[in-house]
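Colleague: Enclosed is the structure file my_file30.txt (compact mmCIF, C-alpha atoms and all ligand atoms).
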```txt
# COMPACT_ATOMS: atom_id res chain seq x y z
CA MET E 1386 -11.13 -45.29 -56.99
CA LYS E 1387 -8.96 -44.38 -59.96
CA ASN E 1388 -7.03 -41.59 -58.23
CA GLU E 1389 -4.25 -44.00 -57.36
CA TRP E 1390 -1.36 -42.54 -55.36
CA PRO E 1391 1.77 -42.06 -57.47
CA LEU E 1392 4.52 -44.66 -57.54
CA TRP E 1393 7.92 -43.86 -55.99
CA GLU E 1394 11.26 -45.62 -56.33
CA VAL E 1395 13.22 -46.10 -53.12
CA PHE E 1396 17.02 -45.95 -52.74
CA ILE E 1397 18.91 -46.75 -49.55
CA ARG E 1398 22.42 -45.90 -48.41
CA SER E 1399 23.16 -48.91 -46.21
CA LYS E 1400 26.03 -47.19 -44.38
CA SER E 1401 28.15 -44.07 -44.68
CA GLY E 1402 30.67 -44.39 -47.43
CA LEU E 1403 28.45 -46.46 -49.71
CA SER E 1404 26.21 -45.25 -52.56
CA HIS E 1405 22.44 -45.33 -52.45
CA LYS E 1406 21.07 -48.48 -54.03
CA HIS E 1407 17.63 -49.13 -55.51
CA VAL E 1408 15.55 -51.44 -53.31
CA GLY E 1409 12.01 -51.29 -54.68
CA SER E 1410 9.01 -49.05 -54.94
CA LEU E 1411 5.88 -47.95 -53.10
CA HIS E 1412 2.85 -45.71 -53.41
CA ALA E 1413 2.49 -42.41 -51.55
CA THR E 1414 0.62 -39.12 -51.99
CA ASP E 1415 3.75 -36.97 -51.79
CA ALA E 1416 7.49 -37.03 -51.13
CA GLU E 1417 7.12 -36.71 -47.38
CA MET E 1418 4.78 -39.70 -47.15
CA ALA E 1419 7.00 -41.62 -49.55
CA LEU E 1420 9.94 -41.16 -47.15
CA GLU E 1421 7.88 -42.25 -44.16
CA ASN E 1422 6.51 -45.29 -45.98
CA ALA E 1423 9.99 -46.17 -47.24
CA ARG E 1424 11.24 -46.07 -43.65
CA ASP E 1425 8.50 -48.48 -42.53
CA LEU E 1426 8.67 -50.73 -45.56
CA TYR E 1427 12.36 -51.00 -46.40
CA THR E 1428 14.30 -50.25 -43.20
CA ARG E 1429 12.62 -52.28 -40.45
CA ARG E 1430 15.98 -53.86 -39.56
CA ASN E 1431 18.44 -50.98 -39.72
CA GLU E 1432 19.03 -51.49 -43.43
CA GLY E 1433 20.02 -47.90 -43.98
CA VAL E 1434 21.32 -44.56 -42.79
CA SER E 1435 19.82 -42.49 -45.60
CA LEU E 1436 16.85 -42.72 -47.98
CA TRP E 1437 16.11 -41.26 -51.40
CA VAL E 1438 12.66 -41.37 -52.97
CA VAL E 1439 12.04 -40.40 -56.58
CA GLU E 1440 8.69 -40.41 -58.29
CA SER E 1441 8.93 -43.24 -60.82
CA LYS E 1442 7.71 -41.10 -63.72
CA HIS E 1443 10.85 -38.95 -63.42
CA ILE E 1444 13.16 -41.85 -64.22
CA THR E 1445 14.24 -42.25 -67.84
CA ALA E 1446 15.50 -45.72 -68.60
CA SER E 1447 17.51 -46.87 -71.59
CA ASP E 1448 15.75 -49.28 -73.91
CA PRO E 1449 17.07 -52.85 -73.53
CA ASP E 1450 16.53 -53.40 -77.26
CA ASP E 1451 19.01 -50.60 -77.94
CA SER E 1452 21.56 -51.76 -75.43
CA ASP E 1453 23.89 -53.19 -78.09
CA PRO E 1454 24.39 -49.97 -80.08
CA LEU E 1455 24.25 -47.94 -76.86
CA PHE E 1456 27.15 -49.72 -75.23
CA GLU E 1457 28.95 -50.63 -78.46
CA PRO E 1458 31.43 -47.70 -78.40
CA ALA E 1459 33.13 -49.03 -75.24
CA LYS E 1460 33.40 -52.59 -76.44
CA ASP E 1461 36.42 -52.38 -78.74
CA LYS E 1462 38.48 -50.09 -76.52
CA ILE E 1463 40.40 -52.74 -74.69
CA TYR E 1464 43.29 -50.30 -74.24
CA ARG E 1465 41.21 -48.66 -71.51
CA HIS E 1466 41.95 -51.63 -69.27
CA PRO E 1467 45.25 -52.02 -67.41
CA THR E 1468 45.54 -55.66 -68.50
CA PHE E 1469 46.08 -54.43 -72.08
CA TYR E 1470 49.61 -53.36 -71.21
CA ASP E 1471 52.70 -55.47 -70.70
CA VAL E 1472 54.70 -54.52 -67.67
CA PRO E 1473 58.10 -56.20 -67.37
CA ASP E 1474 58.37 -58.51 -64.37
CA ASP E 1475 61.26 -56.48 -62.98
CA VAL E 1476 59.16 -53.35 -62.72
CA THR E 1477 57.23 -53.08 -59.46
CA HIS E 1478 54.64 -50.77 -57.90
CA MET E 1479 52.68 -50.41 -61.11
CA MET F 106 12.75 -59.56 -85.30
CA THR F 107 9.87 -61.98 -85.73
CA SER F 108 8.09 -63.10 -82.60
CA LEU F 109 9.45 -66.62 -83.13
CA ASN F 110 13.01 -65.33 -82.99
CA LEU F 111 12.21 -63.18 -79.99
CA GLU F 112 10.80 -66.17 -78.20
CA ALA F 113 13.87 -68.27 -79.00
CA LEU F 114 16.13 -65.48 -77.78
CA PHE F 115 14.07 -65.17 -74.62
CA GLN F 116 14.31 -68.91 -73.91
CA SER F 117 18.04 -68.90 -74.51
CA LYS F 118 18.45 -66.12 -71.94
CA ILE F 119 16.46 -68.22 -69.46
CA ASP F 120 18.53 -71.30 -70.26
CA GLU F 121 21.79 -69.49 -69.58
CA GLU F 122 20.42 -68.09 -66.28
CA THR F 123 20.22 -64.46 -67.40
CA LYS F 124 17.48 -62.73 -65.40
CA ILE F 125 14.59 -61.14 -67.25
CA GLU F 126 14.12 -57.48 -66.32
CA PRO F 127 10.97 -55.33 -66.59
CA LYS F 128 11.64 -53.67 -69.95
CA ASP F 129 12.99 -56.80 -71.66
CA TRP F 130 10.87 -58.51 -74.28
CA MET F 131 8.91 -61.43 -72.84
CA PRO F 132 6.13 -63.68 -74.14
CA ASP F 133 2.66 -62.51 -73.16
CA ALA F 134 1.99 -65.77 -71.36
CA TYR F 135 5.14 -65.36 -69.26
CA ARG F 136 4.00 -61.89 -68.23
CA LYS F 137 0.47 -63.08 -67.45
CA THR F 138 1.64 -66.11 -65.50
CA LEU F 139 3.95 -63.93 -63.42
CA ILE F 140 1.34 -61.28 -62.72
CA ARG F 141 -1.06 -64.00 -61.60
CA GLN F 142 1.50 -65.79 -59.45
CA ILE F 143 3.09 -62.69 -57.90
CA SER F 144 -0.25 -61.06 -57.11
CA GLN F 145 -1.62 -64.28 -55.59
CA HIS F 146 1.53 -64.43 -53.52
CA ALA F 147 1.00 -60.79 -52.44
CA HIS F 148 -2.64 -61.47 -51.55
CA SER F 149 -1.51 -64.45 -49.45
CA GLU F 150 0.84 -62.26 -47.43
CA ILE F 151 -1.94 -59.72 -46.84
CA VAL F 152 -4.68 -62.23 -45.94
CA GLY F 153 -2.07 -64.15 -43.97
CA MET F 154 -2.01 -61.32 -41.43
CA LEU F 155 -5.58 -62.10 -40.35
CA PRO F 156 -5.29 -65.47 -38.57
CA GLU F 157 -2.32 -64.22 -36.54
CA GLY F 158 -3.69 -60.72 -36.05
CA ASN F 159 -6.50 -62.48 -34.24
CA TRP F 160 -4.09 -63.26 -31.37
CA ILE F 161 -2.10 -60.03 -31.01
CA THR F 162 -4.32 -58.63 -28.27
CA ARG F 163 -4.32 -61.99 -26.45
CA ALA F 164 -0.64 -62.88 -26.62
CA PRO F 165 0.40 -64.44 -23.28
CA SER F 166 3.19 -61.94 -22.53
CA LEU F 167 4.46 -58.57 -23.68
CA ARG F 168 7.47 -60.31 -25.26
CA ARG F 169 5.24 -62.58 -27.35
CA LYS F 170 3.04 -59.65 -28.27
CA LEU F 171 5.93 -57.53 -29.56
CA ILE F 172 7.25 -60.48 -31.55
CA LEU F 173 3.87 -61.27 -33.10
CA LEU F 174 3.30 -57.62 -33.97
CA ALA F 175 6.67 -57.47 -35.71
CA LYS F 176 5.94 -60.67 -37.61
CA VAL F 177 2.54 -59.51 -38.80
CA GLN F 178 4.03 -56.17 -39.83
CA ASP F 179 6.65 -58.07 -41.86
CA GLU F 180 3.87 -59.93 -43.69
CA ALA F 181 2.32 -56.58 -44.66
CA GLY F 182 5.74 -55.60 -45.98
CA HIS F 183 6.00 -58.84 -47.97
CA GLY F 184 2.65 -58.12 -49.57
CA LEU F 185 3.83 -54.64 -50.57
CA TYR F 186 7.17 -55.83 -52.01
CA LEU F 187 5.25 -58.32 -54.12
CA TYR F 188 2.59 -55.89 -55.33
CA SER F 189 5.32 -53.56 -56.53
CA ALA F 190 7.09 -56.47 -58.27
CA ALA F 191 3.81 -57.20 -60.09
CA GLU F 192 3.54 -53.54 -61.06
CA THR F 193 6.89 -53.72 -62.88
CA LEU F 194 5.09 -56.07 -65.29
CA GLY F 195 2.45 -53.44 -66.05
CA ALA F 196 -0.17 -54.55 -63.54
CA ASN F 197 -2.09 -51.82 -61.73
CA ARG F 198 -2.12 -51.88 -57.92
CA ASP F 199 -5.77 -50.88 -57.58
CA ASP F 200 -6.84 -53.57 -60.04
CA LEU F 201 -4.94 -56.22 -58.09
CA VAL F 202 -6.47 -55.11 -54.80
CA GLN F 203 -9.92 -55.14 -56.35
CA GLN F 204 -9.38 -58.68 -57.60
CA LEU F 205 -8.68 -59.75 -54.04
CA LEU F 206 -11.61 -57.86 -52.53
CA THR F 207 -14.14 -59.19 -55.04
CA GLY F 208 -12.92 -62.77 -54.56
CA LYS F 209 -11.78 -63.01 -58.18
CA ALA F 210 -8.16 -63.61 -57.19
CA LYS F 211 -6.93 -66.56 -55.18
CA TYR F 212 -4.65 -66.56 -52.17
CA SER F 213 -3.07 -69.42 -50.25
CA SER F 214 -5.80 -71.68 -48.83
CA ILE F 215 -3.93 -72.16 -45.58
CA PHE F 216 -5.24 -68.81 -44.37
CA ASN F 217 -8.80 -70.06 -44.58
CA TYR F 218 -8.24 -72.17 -41.47
CA PRO F 219 -9.04 -70.70 -38.04
CA THR F 220 -6.61 -69.96 -35.20
CA LEU F 221 -8.42 -71.47 -32.22
CA ASN F 222 -5.86 -70.97 -29.46
CA TRP F 223 -2.36 -69.68 -28.73
CA ALA F 224 -0.67 -72.94 -29.75
CA ASP F 225 -1.90 -72.26 -33.28
CA ILE F 226 0.36 -69.21 -33.42
CA GLY F 227 3.30 -71.50 -32.67
CA ALA F 228 2.19 -74.05 -35.25
CA ILE F 229 1.71 -71.37 -37.92
CA GLY F 230 5.18 -69.89 -37.48
CA TRP F 231 6.79 -73.31 -37.42
CA LEU F 232 4.80 -75.07 -40.17
CA VAL F 233 3.13 -72.44 -42.34
CA ASP F 234 6.08 -70.07 -42.48
CA GLY F 235 8.32 -73.13 -42.72
CA ALA F 236 6.46 -74.36 -45.80
CA ALA F 237 6.41 -70.85 -47.25
CA ILE F 238 10.19 -70.62 -46.77
CA MET F 239 10.72 -73.85 -48.78
CA ASN F 240 8.86 -72.30 -51.67
CA GLN F 241 10.35 -68.83 -51.29
CA VAL F 242 13.96 -70.00 -51.07
CA MET F 243 13.39 -71.69 -54.42
CA LEU F 244 11.89 -68.45 -55.78
CA THR F 245 15.00 -66.41 -54.93
CA ARG F 246 16.32 -68.08 -58.11
CA THR F 247 13.25 -67.41 -60.22
CA SER F 248 13.92 -66.03 -63.71
CA TYR F 249 12.20 -62.65 -63.30
CA GLY F 250 14.59 -60.18 -61.66
CA PRO F 251 12.21 -58.05 -59.53
CA TYR F 252 10.43 -61.17 -58.21
CA ALA F 253 13.75 -62.83 -57.33
CA ARG F 254 14.97 -59.69 -55.54
CA ALA F 255 11.74 -59.37 -53.55
CA MET F 256 12.18 -63.01 -52.52
CA VAL F 257 15.71 -62.46 -51.27
CA ARG F 258 14.45 -59.66 -49.04
CA ILE F 259 11.50 -61.76 -47.87
CA CYS F 260 13.60 -64.83 -47.10
CA LYS F 261 15.93 -62.77 -44.91
CA GLU F 262 12.91 -61.81 -42.81
CA GLU F 263 11.14 -65.17 -42.81
CA SER F 264 13.65 -67.07 -40.78
CA PHE F 265 12.72 -65.19 -37.60
CA HIS F 266 9.06 -66.02 -38.31
CA GLN F 267 9.70 -69.72 -38.23
CA ARG F 268 11.99 -69.58 -35.22
CA GLN F 269 9.56 -67.57 -33.08
CA GLY F 270 6.85 -70.15 -33.91
CA TYR F 271 9.08 -73.07 -33.03
CA GLU F 272 10.04 -71.34 -29.78
CA ILE F 273 6.34 -71.15 -28.85
CA MET F 274 6.01 -74.87 -29.67
CA ILE F 275 9.02 -75.72 -27.48
CA ALA F 276 7.62 -73.70 -24.57
CA MET F 277 4.28 -75.49 -24.82
CA ALA F 278 5.53 -78.98 -25.63
CA LYS F 279 7.90 -78.83 -22.64
CA GLY F 280 5.29 -77.15 -20.45
CA SER F 281 2.38 -78.56 -18.45
CA PRO F 282 0.48 -81.63 -19.75
CA GLU F 283 -2.35 -79.28 -20.79
CA GLN F 284 0.06 -77.09 -22.75
CA LYS F 285 1.61 -80.12 -24.43
CA ALA F 286 -1.86 -81.35 -25.38
CA MET F 287 -2.62 -77.96 -26.93
CA ALA F 288 0.61 -78.08 -28.93
CA GLN F 289 -0.22 -81.60 -30.17
CA ASP F 290 -3.75 -80.52 -31.08
CA ALA F 291 -2.40 -77.55 -33.05
CA LEU F 292 0.03 -79.82 -34.91
CA ASN F 293 -2.84 -82.22 -35.66
CA ARG F 294 -4.90 -79.46 -37.24
CA TRP F 295 -2.13 -77.64 -39.14
CA TRP F 296 -0.10 -80.57 -40.46
CA TRP F 297 -2.19 -81.54 -43.47
CA PRO F 298 -3.15 -78.00 -44.52
CA SER F 299 0.59 -77.17 -44.41
CA LEU F 300 1.35 -80.03 -46.81
CA MET F 301 -1.44 -78.76 -49.06
CA MET F 302 0.36 -75.40 -49.33
CA PHE F 303 2.62 -76.89 -51.99
CA GLY F 304 -0.33 -77.29 -54.32
CA PRO F 305 -1.71 -80.20 -56.35
CA LYS F 306 0.33 -83.28 -57.16
CA ASP F 307 2.72 -82.88 -60.08
CA ALA F 308 0.58 -85.15 -62.22
CA GLU F 309 -2.39 -82.81 -61.75
CA SER F 310 -0.64 -79.45 -61.75
CA SER F 311 -1.70 -77.69 -64.93
CA HIS F 312 0.86 -74.85 -65.15
CA SER F 313 3.84 -76.78 -63.86
CA ASP F 314 5.74 -77.76 -67.04
CA GLN F 315 5.76 -74.32 -68.60
CA ALA F 316 6.65 -72.68 -65.28
CA LEU F 317 9.64 -74.99 -64.98
CA LYS F 318 10.73 -74.37 -68.56
CA TRP F 319 10.61 -70.62 -67.96
CA LYS F 320 12.32 -71.16 -64.60
CA ILE F 321 9.59 -69.28 -62.79
CA LYS F 322 9.59 -72.36 -60.57
CA ARG F 323 12.75 -74.39 -60.09
CA LYS F 324 11.26 -77.39 -58.29
CA THR F 325 7.97 -79.23 -58.58
CA ASN F 326 5.22 -79.20 -55.96
CA ASP F 327 5.96 -82.79 -54.95
CA GLU F 328 9.70 -82.15 -54.65
CA LEU F 329 9.11 -79.19 -52.33
CA ARG F 330 6.54 -81.11 -50.28
CA GLN F 331 8.95 -84.02 -49.81
CA GLN F 332 11.73 -81.65 -48.78
CA PHE F 333 9.40 -80.04 -46.22
CA VAL F 334 8.39 -83.37 -44.70
CA ASP F 335 12.00 -84.50 -44.47
CA VAL F 336 13.20 -81.44 -42.56
CA THR F 337 10.10 -81.07 -40.38
CA ILE F 338 9.70 -84.58 -38.94
CA PRO F 339 12.93 -84.40 -36.88
CA GLN F 340 11.73 -81.01 -35.56
CA ALA F 341 8.46 -82.60 -34.45
CA GLU F 342 10.41 -85.43 -32.81
CA TYR F 343 12.49 -82.95 -30.86
CA LEU F 344 9.25 -81.48 -29.52
CA GLY F 345 8.03 -84.94 -28.53
CA LEU F 346 4.99 -84.50 -30.76
CA THR F 347 3.72 -86.77 -33.52
CA VAL F 348 2.35 -85.77 -36.90
CA PRO F 349 -1.15 -87.10 -37.58
CA ASP F 350 -0.14 -89.51 -40.34
CA PRO F 351 -0.24 -93.29 -39.69
CA ASP F 352 1.51 -93.91 -43.03
CA LEU F 353 4.55 -91.84 -42.22
CA ARG F 354 7.77 -93.86 -42.13
CA TRP F 355 11.43 -93.46 -42.98
CA ASN F 356 12.35 -95.03 -46.29
CA GLU F 357 15.97 -96.13 -45.99
CA GLU F 358 16.30 -96.82 -49.69
CA LYS F 359 15.32 -93.39 -50.98
CA GLY F 360 16.74 -91.62 -47.94
CA SER F 361 13.55 -89.74 -47.17
CA TYR F 362 10.14 -90.17 -45.58
CA ASP F 363 7.14 -91.88 -47.12
CA PHE F 364 3.93 -90.19 -46.10
CA GLY F 365 0.19 -90.63 -46.47
CA GLU F 366 -2.15 -89.25 -49.10
CA ILE F 367 -3.48 -85.71 -48.73
CA ASP F 368 -7.25 -85.36 -48.57
CA TRP F 369 -7.56 -83.80 -52.03
CA GLU F 370 -11.29 -83.38 -51.69
CA GLU F 371 -10.70 -81.04 -48.77
CA PHE F 372 -7.93 -79.28 -50.71
CA TRP F 373 -10.18 -78.47 -53.70
CA SER F 374 -13.13 -77.59 -51.54
CA VAL F 375 -11.10 -74.92 -49.67
CA VAL F 376 -9.62 -73.63 -52.95
CA LYS F 377 -13.15 -73.27 -54.30
CA GLY F 378 -14.16 -71.09 -51.36
CA ASN F 379 -15.72 -73.57 -48.94
CA GLY F 380 -13.04 -73.63 -46.25
CA PRO F 381 -13.86 -72.80 -42.64
CA CYS F 382 -12.92 -69.09 -42.94
CA ASN F 383 -13.03 -68.08 -46.63
CA LYS F 384 -15.99 -65.74 -46.19
CA GLN F 385 -14.72 -64.28 -42.95
CA ARG F 386 -11.31 -63.47 -44.47
CA LEU F 387 -12.79 -61.66 -47.46
CA GLN F 388 -15.20 -59.78 -45.23
CA ALA F 389 -12.32 -58.66 -43.01
CA ARG F 390 -10.30 -57.43 -46.02
CA ASN F 391 -13.28 -55.57 -47.43
CA LYS F 392 -14.07 -54.00 -44.09
CA ALA F 393 -10.47 -52.83 -43.67
CA TYR F 394 -10.51 -51.39 -47.18
CA ASP F 395 -13.83 -49.60 -46.72
CA ASP F 396 -13.01 -48.31 -43.25
CA GLY F 397 -9.73 -46.94 -44.60
CA ALA F 398 -11.36 -45.04 -47.47
CA TRP F 399 -11.55 -41.75 -45.56
CA VAL F 400 -7.87 -41.98 -44.65
CA ARG F 401 -6.88 -42.46 -48.29
CA GLU F 402 -9.11 -39.57 -49.36
CA ALA F 403 -7.82 -37.29 -46.61
CA ALA F 404 -4.21 -38.06 -47.51
CA SER F 405 -4.86 -37.26 -51.18
CA ALA F 406 -6.64 -34.03 -50.25
CA HIS F 407 -3.82 -33.04 -47.91
CA ALA F 408 -1.19 -33.64 -50.60
CA ALA F 409 -3.21 -31.62 -53.14
CA LYS F 410 -3.53 -28.74 -50.69
CA LYS F 411 0.20 -28.71 -49.98
CA GLU F 412 0.90 -28.71 -53.71
CA GLN F 413 -1.53 -25.80 -54.11
CA ARG F 414 0.21 -23.82 -51.34
CA LYS F 415 3.52 -24.20 -53.12
CA LEU F 416 2.01 -22.54 -56.18
CA GLU F 417 0.18 -19.73 -54.40
CA PRO F 418 3.09 -17.36 -53.63
CA GLN F 419 3.94 -17.34 -57.34
CA LEU F 420 0.36 -16.39 -58.18
CA GLU F 421 0.52 -13.49 -55.72
CA THR F 422 3.71 -12.11 -57.24
CA LYS F 423 2.15 -12.22 -60.64
CA ALA F 424 -0.94 -10.32 -59.45
CA ALA F 425 1.24 -7.62 -57.86
FE FE G 1501 5.72 -63.59 -45.57
FE FE G 1502 6.27 -65.10 -42.65
```
For the file at hand, write its structure as structure tokens.
Ligand SMILES: [Fe+2]
Ligand SMILES: [Fe+2]

Modeller:
Amino acid sequence: MKNEWPLWEVFIRSKSGLSHKHVGSLHATDAEMALENARDLYTRRNEGVSLWVVESKHITASDPDDSDPLFEPAKDKIYRHPTFYDVPDDVTHM
Amino acid sequence: MTSLNLEALFQSKIDEETKIEPKDWMPDAYRKTLIRQISQHAHSEIVGMLPEGNWITRAPSLRRKLILLAKVQDEAGHGLYLYSAAETLGANRDDLVQQLLTGKAKYSSIFNYPTLNWADIGAIGWLVDGAAIMNQVMLTRTSYGPYARAMVRICKEESFHQRQGYEIMIAMAKGSPEQKAMAQDALNRWWWPSLMMFGPKDAESSHSDQALKWKIKRKTNDELRQQFVDVTIPQAEYLGLTVPDPDLRWNEEKGSYDFGEIDWEEFWSVVKGNGPCNKQRLQARNKAYDDGAWVREAASAHAAKKEQRKLEPQLETKAA
């Protein structure tokens, strides 16, 4: 009873040219079964052209409690954005 | 931070419509309420396959059979999306399944009513999926991210469920007098149980206030029920069928229908396990689970063997 099948995270590329996007998770004994189950569970209506499955335990997530210090360094660097700069009205194509 | 501050911060996120995600801090009661609600919802999708599954082999045409198969398969998918949403809160899949199989967990009472003939399949798609959609559209805006995302996916799939049911109702209501009588009979039997799907009256709904404050729910049971009646009556009129409620009438002043009182005694009796099919449904789930045991074991054994084979060549090199 307690030998539960591992949990897998499923990612779908909805069409060529787009990135894979997380859609949910499922249980499967191995990668091959995870792909087959993902096909049946998440792409019953042509939702994708490519699937990734990753065993959930292999994903390392950042801690939401640390998100302030983690993302702090980017916050005060407004000069990284194009809107920081004044471009004279007469100048075009920039 | 003290737990009081955490709780205030949590509520302020809810108030400003920021979704709560799995690793965010949340009050224990929020987590518990969600696990209970999401797993009950998952169980409902799974048990909900049984009344319709009953008619797959007897669908009147290949077209209807393919459609019903696809619908029932969708419901299995809905159950699985929801179980995995519950798992993001720390629930264990096996535990949830056991709670269903032992009768400890509840599922929607509507699935404890029998499907007596083909018209019931029409009535279920139209009314039962219709009522479920009312609730699920609201839940696409629920405060817990994974639950809301599962609902978006589910709602996209539900609309075909309702339409295929209504199409069956049209075919029968516009068919022979016998077919029309069957459609009317199905509506008579499914109408009140469908209204019961929205749960007890607001005044008697114990979890309602907190669920609204946490934005798990965004509308009350009575609001959703009223909304369902208002959109469904014109659909019944189009079919030329009448809902079995002598008190139903349009209320010009409030711009919606007044309708009769639900038989709450029946409601509570089915919730408590005494509906027409409660025992049968649980037996069917247990049988499916037990009969599938060898498949689960074989799949685990197969995966272990493949894993072992991957390791073996390395062992041989070492020995050499
Ligand atoms: Fe569903
Ligand atoms: Fe459905």

Colleague: Compute the set of protein, DNA and RNA residues whose minimum atom distance to ligand FE 1501 (chain G) is at most 9 Å, using all atoms listed in the file, and state it as number ranges by chain.

Modeller: F: 147, 149-151, 153, 176-177, 179-184, 234, 237-238, 259-260, 262-263, 266

Colleague: So the first atom is CA of Ser1399 (chain E) and the second is CA of Met243 (chain F); what is the distance between them in Å, to one decimal place?

Modeller: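 These two atoms are separated by 26.1 Å.
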
Colleague: Using only C-alpha atoms, find the residues of chain F whose closest atom to chain E is at most 6 Å away, then write them as a ChimeraX atom specification.

Modeller: /F:129,182,405,408

Colleague: Can you tell me which residues surround Phe364 (chain F) at a distance of at most 12 Å, considering all atoms listed in the file, apart from same-chain residues fewer than 5 positions away, and format the answer as a list of chain:residue names?

Modeller: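 Here the qualifying residues turn out to be F:Trp296, F:Trp297, F:Leu300, F:Asp327, F:Arg330, F:Gln331, F:Gln332, F:Phe333, F:Val334, F:Asp335, F:Ile338, F:Val348, F:Pro349, F:Asp350, F:Pro351, F:Asp352, F:Leu353, F:Arg354, F:Trp355, F:Asn356.
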
Colleague: So that I can check the surroundings of Thr1428 (chain E), please list as a list in words every protein, DNA and RNA residue that reaches within 9 Å of it, counting only C-alpha atoms and ignoring chain neighbours fewer than 5 positions away.

Modeller: Ile1397, Ala1423 and Gly1433 of chain E

Colleague: Could you turn the residues from that selection into a file that holds C-alpha atoms, as a PDB file, in the coordinates of the input?

Modeller:
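That gives us selection-v2.pdb:
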```pdb
ATOM      1  CA  ILE E1397      18.910 -46.750 -49.550  1.00  0.00           C
ATOM      2  CA  ALA E1423       9.990 -46.170 -47.240  1.00  0.00           C
ATOM      3  CA  GLY E1433      20.020 -47.900 -43.980  1.00  0.00           C
TER       4      GLY E1433
END
```

Colleague: How would you write as a list in words the residues that get within 7 Å of (17.6, -43.2, -54.3) in the file's frame, counting all atoms listed in the file?

Modeller: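 I get Val1395, Phe1396, Ile1397, His1405, Lys1406, His1407, Leu1436, Trp1437, Val1438 and Val1439 of chain E for the residues within 7 Å of that point.
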
Colleague: Take the point (0.7, -57.0, -30.6) in the file's coordinates, draw a sphere of radius 8 Å around it, and report as a list in words every protein, DNA or RNA residue with an atom inside or on it, counting all atoms listed in the file.

Modeller: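 Final list of nearby residues, as requested, is Gly158, Trp160, Ile161, Thr162, Ala164, Arg169, Lys170, Leu171, Ile172, Leu173, Leu174 and Ala175 of chain F.
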
Colleague: Fix up region 1426-1436 of chain E with N, CA, C and O atoms, then write it as a CSV table (one decimal), in the frame of the given file.

Modeller:
```
chain,number,residue,atom,x,y,z
E,1426,LEU,N,8.7,-49.6,-44.7
E,1426,LEU,CA,8.7,-50.7,-45.6
E,1426,LEU,C,10.0,-51.3,-45.8
E,1426,LEU,O,10.2,-52.6,-45.8
E,1427,TYR,N,11.1,-50.5,-46.0
E,1427,TYR,CA,12.4,-51.0,-46.4
E,1427,TYR,C,13.5,-50.9,-45.4
E,1427,TYR,O,14.6,-51.4,-45.6
E,1428,THR,N,13.2,-50.3,-44.2
E,1428,THR,CA,14.3,-50.2,-43.2
E,1428,THR,C,13.8,-50.7,-41.8
E,1428,THR,O,14.1,-50.0,-40.8
E,1429,ARG,N,13.1,-51.8,-41.8
E,1429,ARG,CA,12.6,-52.3,-40.4
E,1429,ARG,C,13.7,-52.9,-39.6
E,1429,ARG,O,13.6,-53.2,-38.5
E,1430,ARG,N,14.9,-53.2,-40.3
E,1430,ARG,CA,16.0,-53.9,-39.6
E,1430,ARG,C,17.3,-53.1,-39.8
E,1430,ARG,O,18.3,-53.7,-40.0
E,1431,ASN,N,17.2,-51.8,-39.6
E,1431,ASN,CA,18.4,-51.0,-39.7
E,1431,ASN,C,19.2,-51.2,-41.1
E,1431,ASN,O,20.4,-51.2,-41.1
E,1432,GLU,N,18.4,-51.3,-42.1
E,1432,GLU,CA,19.0,-51.5,-43.4
E,1432,GLU,C,19.7,-50.2,-44.0
E,1432,GLU,O,20.4,-50.3,-45.0
E,1433,GLY,N,19.5,-49.1,-43.4
E,1433,GLY,CA,20.0,-47.9,-44.0
E,1433,GLY,C,20.3,-46.7,-43.0
E,1433,GLY,O,19.8,-46.7,-41.9
E,1434,VAL,N,21.1,-45.8,-43.5
E,1434,VAL,CA,21.3,-44.6,-42.8
E,1434,VAL,C,20.8,-43.4,-43.6
E,1434,VAL,O,20.8,-42.2,-43.1
E,1435,SER,N,20.3,-43.6,-44.8
E,1435,SER,CA,19.8,-42.5,-45.6
E,1435,SER,C,18.9,-43.1,-46.7
E,1435,SER,O,19.1,-44.1,-47.2
E,1436,LEU,N,17.8,-42.3,-47.0
E,1436,LEU,CA,16.8,-42.7,-48.0
E,1436,LEU,C,16.7,-41.7,-49.1
E,1436,LEU,O,16.7,-40.5,-48.8
```
